[in-house]
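Notes for the one structure printed next.
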Amino acid sequence: MVSSTVSQTASPASSAERQKTIALKGDAMDDATGTSSAPEAKKSAFSLGRIIPLGLLAAGLVAFFAFNLNQYVSLSALKTHREELQSWVVNYGAMSAIIFMAVYAGAVAFSIPGAVFITIAGGFMFGPHLGTVYVVIGATIGAVGVFLAAKYALCDVLRAKAGPAIKRMEAGFRENEMSYLLTLRLVPLFPFWLVNLVPAFLGVSLRTYTIGTLLGIIPGAFVYSLVGDGAGAVLDAGGDLNLGIIFAPRFLAPIIGLAVLACIPIVYKKLKARKAAPSA
């Protein structure tokens with residue numbers, strides 16, 4: 001009777017010990033086979049998911065050249081297909097504008113070289129005013145796509161590894177981000193794709209980036225749309241389009257003037273900080 005009681009009492013304890021032993025063996029087996037825990041697996045999948053957007057953009061750029069689509073982004077292509085483009089606008093109206101903006105957004109998102117030729121085509125197809133509107137909308141959508149992909153995938157990593165110079169630049173950009181961005185967009189000193197990426201790494205907000213891009217590219221888009229608007233007559237006469245027209249004084253001077261206006265807040269804040277420094 002006593003042994004039966006002892007056996008019943010010890011039974012739960014021995015059962016718990018067996019379960020603990022099995023659990024320990026299971027953990028050891030997981031370590032031996034390299035099986036990761038659930039949080040680690042989620043972290044790995046999340047990291048992979050962050051790279052996918054940039055991978056898709058890179059794949060789009062590779063596909064562009066792989067399928068030899070670059071032959072359609074040139075002045076010679078505009079000259080060859082100008083009648084088709086004009087009839088396309090006449091026959092499809094608003095749909096042609098939507099497709100044009102989608103194509104432009106894709107070109108910017110995939111960082112395809114030669115977007116200036118698409119801008120000229122926009123002016124040729126829709127005129128200088130509507131052409132500018134469609135170009136600005138398409139370019140802004142594409143630029144925002146690149147910005148989000150870069151910020152989502154690499155921003156944290158690059159900022160963690162950034163040196164003091166980059167961090168100081170980030171602080172300055174954040175303090176005057178709209179002025180800096182407008183200046184970079186207005187003055188065509190840097191490649192468009194580079195200006196799409198840098199603000200993402202420097203912590204610029206999506207709202208500021210979108211507004212700065214939308215407003216900053218209007219002057220340049222309008223100038224090249226003007227070139228496209230007169231492209232038909234020039235090409236029919238056997239002439240060449242002047243792609244350096246944006247650097248002509250009559251166009252460059254107003255753009256530089258706008259850039260100077262955009263820099264005024266930056267200069268004002270720096271002067272104000274210098275005056276406040278001695279008193280501090």
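Chain labels run A, B, ... following the order of the structure tokens; each chain numbers its residues from 1, and ligands are numbered from 1 in the order shown.
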### A:Leu75 surroundings by only C-alpha atoms, 10 Å radius, close-in-sequence under 4 positions cut, as a ChimeraX atom specification
/A:71,79-81,114,116-118,120-121,231,235,240-241,243
Only C-alpha atoms, please: the residues just picked out, written as a CSV table (one decimal), in the first residue's frame.
```csv
chain,number,residue,atom,x,y,z
A,71,GLN,CA,16.9,52.2,-79.4
A,79,LYS,CA,12.2,61.4,-85.9
A,80,THR,CA,11.3,57.9,-87.2
A,81,HIS,CA,8.1,57.4,-85.2
A,114,GLY,CA,17.8,59.3,-71.7
A,116,VAL,CA,15.4,63.9,-71.6
A,117,PHE,CA,14.3,62.4,-74.9
A,118,ILE,CA,11.1,61.2,-73.4
A,120,ILE,CA,11.1,66.1,-75.6
A,121,ALA,CA,8.7,63.4,-76.9
A,231,ALA,CA,10.7,69.3,-82.9
A,235,LEU,CA,13.2,67.5,-88.0
A,240,ASP,CA,19.0,68.9,-85.3
A,241,LEU,CA,17.5,69.7,-82.0
A,243,LEU,CA,19.6,69.7,-76.4
```
#### Entry: d(atom CA of A:Phe110, atom CA of A:Asn68) in Å
14.7 Å
Give me the stretch 49-100 of chain A side of the contact with stretch 124-128 of chain A, cut-off 10 Å, one line per residue showing its nearest atom pair and distance in Å at one decimal, counting only C-alpha atoms, sorted by chain and residue number, as CSV.
```
residue,atom,partner,partner_atom,distance
A:Leu78,CA,A:Phe124,CA,9.0
A:Arg82,CA,A:Phe124,CA,8.3
A:Glu83,CA,A:Met125,CA,9.8
A:Leu85,CA,A:Met125,CA,6.6
A:Gln86,CA,A:Met125,CA,5.9
A:Ser87,CA,A:Met125,CA,9.3
A:Trp88,CA,A:Met125,CA,8.9
A:Val89,CA,A:Met125,CA,6.8
A:Val90,CA,A:Met125,CA,9.5
A:Gly93,CA,A:Phe126,CA,9.8
A:Ser96,CA,A:Met125,CA,9.4
A:Ala97,CA,A:Phe126,CA,8.2
A:Phe100,CA,A:Met125,CA,9.7
```
### Task
Name the residues in contact with A:Val204 at a cut-off of 10 Å, using only C-alpha atoms, excluding same-chain residues fewer than 6 positions from it; report them as a list in words.
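Residues near the query, excluding close chain neighbours: Phe147, Lys151, Glu170, Phe173, Arg174, Glu175, Asn176, Glu177, Met178, Leu181 and Val198 of chain A.
Taking atom CA of A:Val187 as the reference point, atom CA of A:Ala221 is found at 12.1 Å.
For the pair atom CA of A:Gly123 and atom CA of A:Gly232, the separation is 10.4 Å.
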### Message
Excluding stretch 132-137 of chain A and its own-chain neighbours fewer than 5 positions away, which residues fall within 12 Å of it when counting only C-alpha atoms? Please give them as an MDAnalysis selection string.
### Response
chainID A and resid 94 96:108 115:127 142:144 185 210:229
Could the residues in this selection be written to a file with C-alpha atoms, as a compact mmCIF listing (two decimals), in the first residue's frame?
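Contents of part.txt, as written:
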```txt
# COMPACT_ATOMS: atom_id res chain seq x y z
CA ALA A 94 -6.56 60.70 -72.54
CA SER A 96 -2.26 58.14 -74.48
CA ALA A 97 -1.51 60.66 -71.72
CA ILE A 98 -1.95 58.03 -69.00
CA ILE A 99 0.31 55.58 -70.82
CA PHE A 100 2.90 58.31 -71.38
CA MET A 101 2.98 59.16 -67.66
CA ALA A 102 3.27 55.47 -66.78
CA VAL A 103 6.17 55.04 -69.21
CA TYR A 104 7.90 58.11 -67.81
CA ALA A 105 7.40 56.92 -64.22
CA GLY A 106 8.91 53.55 -65.16
CA ALA A 107 11.87 55.20 -66.88
CA VAL A 108 12.64 57.26 -63.78
CA ALA A 115 14.73 60.54 -69.92
CA VAL A 116 15.36 63.91 -71.56
CA PHE A 117 14.34 62.37 -74.90
CA ILE A 118 11.08 61.19 -73.36
CA THR A 119 10.51 64.73 -72.12
CA ILE A 120 11.07 66.06 -75.62
CA ALA A 121 8.65 63.43 -76.94
CA GLY A 122 6.09 64.64 -74.40
CA GLY A 123 6.35 68.18 -75.70
CA PHE A 124 6.14 66.91 -79.26
CA MET A 125 3.03 64.82 -78.55
CA PHE A 126 1.07 67.05 -76.18
CA GLY A 127 2.50 70.53 -76.57
CA GLY A 142 8.90 57.43 -60.55
CA ALA A 143 11.19 59.45 -58.27
CA VAL A 144 9.01 58.73 -55.24
CA ARG A 185 16.27 69.84 -58.67
CA THR A 210 7.55 64.81 -53.10
CA ILE A 211 6.83 68.55 -52.99
CA GLY A 212 10.45 69.50 -53.69
CA THR A 213 10.64 67.13 -56.65
CA LEU A 214 7.29 68.21 -58.06
CA LEU A 215 8.14 71.92 -57.95
CA GLY A 216 11.84 71.66 -58.69
CA ILE A 217 11.58 69.81 -62.01
CA ILE A 218 8.93 72.08 -63.55
CA PRO A 219 11.33 74.62 -65.14
CA GLY A 220 13.57 72.02 -66.79
CA ALA A 221 10.61 69.96 -67.94
CA PHE A 222 9.00 73.02 -69.51
CA VAL A 223 12.18 73.99 -71.38
CA TYR A 224 12.61 70.54 -72.93
CA SER A 225 8.89 70.34 -73.68
CA LEU A 226 9.32 73.56 -75.63
CA VAL A 227 12.08 71.86 -77.58
CA GLY A 228 9.76 68.94 -78.29
CA ASP A 229 6.95 71.23 -79.34
```
